[in-house]
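See below for the structure under consideration.
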Amino acid sequence: MSRVWGRILVDLRNPLFRQGYALMANTVITGVLGMGYWLLAAHYYTPDEFGRGQAVITAMRLFASLVALGFVGALARYLPVAGRRTPELILRGYGLAAATGGVAAVGFLLTLPLWGETYSVLAGFGPGLFFLASVVVWAVFTLQDVVLTGLRRAPFVPLNNLIFGLVKMGLLVALAGALPSGGIFVSWVVPTALALIPINFLIFGVVVPRHTRQAGAELQPPRLREIGRFLAGDFPGTLSILAIVYLVPVVIATQVGEATFGRFSMAHTLASMIELLAMNMAVSLTVEGSFDRSQLAENCRRALRRAFMIVIPIITVAIAGAPLILTIFGPAFAEEGTTLLRLMALAVLPRVLIEVYLSALRAQSRARTLAVVQIGLAVLVLVSTLALFPFAGVNAVGYGLLASELLVALLIFGNLRKILGFGDTGRPAVTQGSSGTA
């Protein structure tokens, strides 16, 4: 045990691991509090309201994330080197994410009858306006974590989400009697809006000025045209990946009943949290690769080793204990969600390789290749899921994800080896500090 703690303490001196561990801790905190939140929701609200709350929150996150998460790669790539343009870059990201997410939400509300009975709860001016506001709020909330990570302040992220999660759970219980219909959604949105104030005060009042001073006057910030060229390649691909995370559940919600969707969504949410662990180290890799591209190959190798070291035991527990984990929410959750949780957990193994490869491409500004890989993966997942749904039901999501990610991992493996700097012998082909792979 002392050796493990010793290794962790050594790792924390390295910004790559310090950032990555902070984001992983955030995923664990979010996951634990999320399970507690939905356990309380299952206890205090009816099964139909539980499923309806899941569906509305999923739709909100879909439209809020259309652009917000599309900026993750660009912000992680350019915030470290933005210098005096850092505030401008952040505010542009906030504004574009909020505006486009709002437009998408308006389109959704105007076509509400096409989205099934589950979303009829949003009909009317009041509920629609509240949903629209929630999309704008969530778009900015999502980018806050990315900004803190891009400025090497990721340790603030788990603290923010710890407080947010606790307040959200308290409000959920408080609204159970006063607002039995809609209380889940309201309890999710209100703490989100309140969290914007202190975190943005921290970002613009403390973190950004310090980052600007440390950057120095000699740093040449990236031009908007350069960032635009990167986004032109990265954004369509990232949008495609978001379709896997957010659009697939919305499509499932239109095909099944509210109670069934609630049980599907719980297994899907738990598996997605495991997948986030693989992505956390990859985001940190993009940031550190932007600060120092000469260390990219070495950092990629380190990120892969640590990511596999952490996710393999978690995947093993998820596969072996899936029925027991889901039974916490009720026997029906285990009966309908066990196979899905196991399949999606297993799919995280090839996803680690894919995410490290994508982060290395972002650090190298290889936007075209980024787009091809991400769009290809999204198409494979969506097509296979839709094709398998008539035969496998909601488990089609797991089968489609596992098969698609295995195929893409095999296709990119040769190029990933080159980025890692490995020769035919399996040993590093470049020395640490070499810029050969950058």
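Simple scheme: letters A, B, ... for chains in structure tokens order, numbers from 1 for residues in each chain, numbers from 1 for ligands in the order shown.
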Using only C-alpha atoms, which residues sit within 12 Å of Val383 (chain A) once same-chain residues fewer than 3 positions away are excluded, as a list of chain:residue names?
-> A:Ala243, A:Ile244, A:Val248, A:Gly376, A:Leu377, A:Ala378, A:Val379, A:Leu380, A:Leu386, A:Ala387, A:Leu388, A:Phe389, A:Ala396, A:Val397, A:Tyr399, A:Gly400, A:Leu401, A:Ala403, A:Ser404
Any idea what's packed within 10 Å of region 348-351 of chain A, counting only C-alpha atoms, ignoring anything in its chain fewer than 6 positions away? Could you give it as a ChimeraX atom specification?
-> /A:271-272,274-279,307-308,311-312,315,357,401-410
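Proximity to Ile199 (chain A) at 10 Å, evaluated using only C-alpha atoms and with sequence-adjacent residues fewer than 6 positions away removed, yields Phe141, Gln144, Asp145, Leu148, Phe156, Val157, Asn160 and Gly205 of chain A.
Separating CA of Thr100 (chain A) from CA of Ala64 (chain A) is a distance of 8.3 Å.
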Would you mind listing what lies within 6 Å of region 180-194 of chain A as a ChimeraX atom specification, with only C-alpha atoms counted and same-chain residues fewer than 2 positions away left out?
-> /A:53,137,168,171-172,175-177,196
At what distance in Å, to one decimal, does CA of Thr327 (chain A) lie from CA of Val56 (chain A)?
-> 23.9 Å
Nearest candidate to Pro80 (chain A) (options A:Ser359, A:Thr238, A:Thr149, A:Ser265; using only C-alpha atoms) = A:Thr149
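When only C-alpha atoms are used to compute distances to Leu166 (chain A), the closest of the residues A:Ala371, A:Leu353, A:Val135, A:Met35 turns out to be A:Met35.
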Pick the closest to Val356 (chain A) from A:Ser65, A:Thr118, A:Thr30, A:Asn415: which is it, counting only C-alpha atoms?
-> A:Asn415
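If you measure from each of A:Ala139, A:Leu129, A:Leu75, A:Leu162 to Ala98 (chain A) using only C-alpha atoms, the closest one turns out to be A:Ala139.
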Determine, counting only C-alpha atoms, which protein, DNA and RNA residues have an atom within 12 Å of an atom of Phe329 (chain A); residues of the same chain fewer than 4 positions away are not included. Present the result as a PyMOL selection string.
-> chain A and resi 35-43+47+50+262-267+322-325+333-337
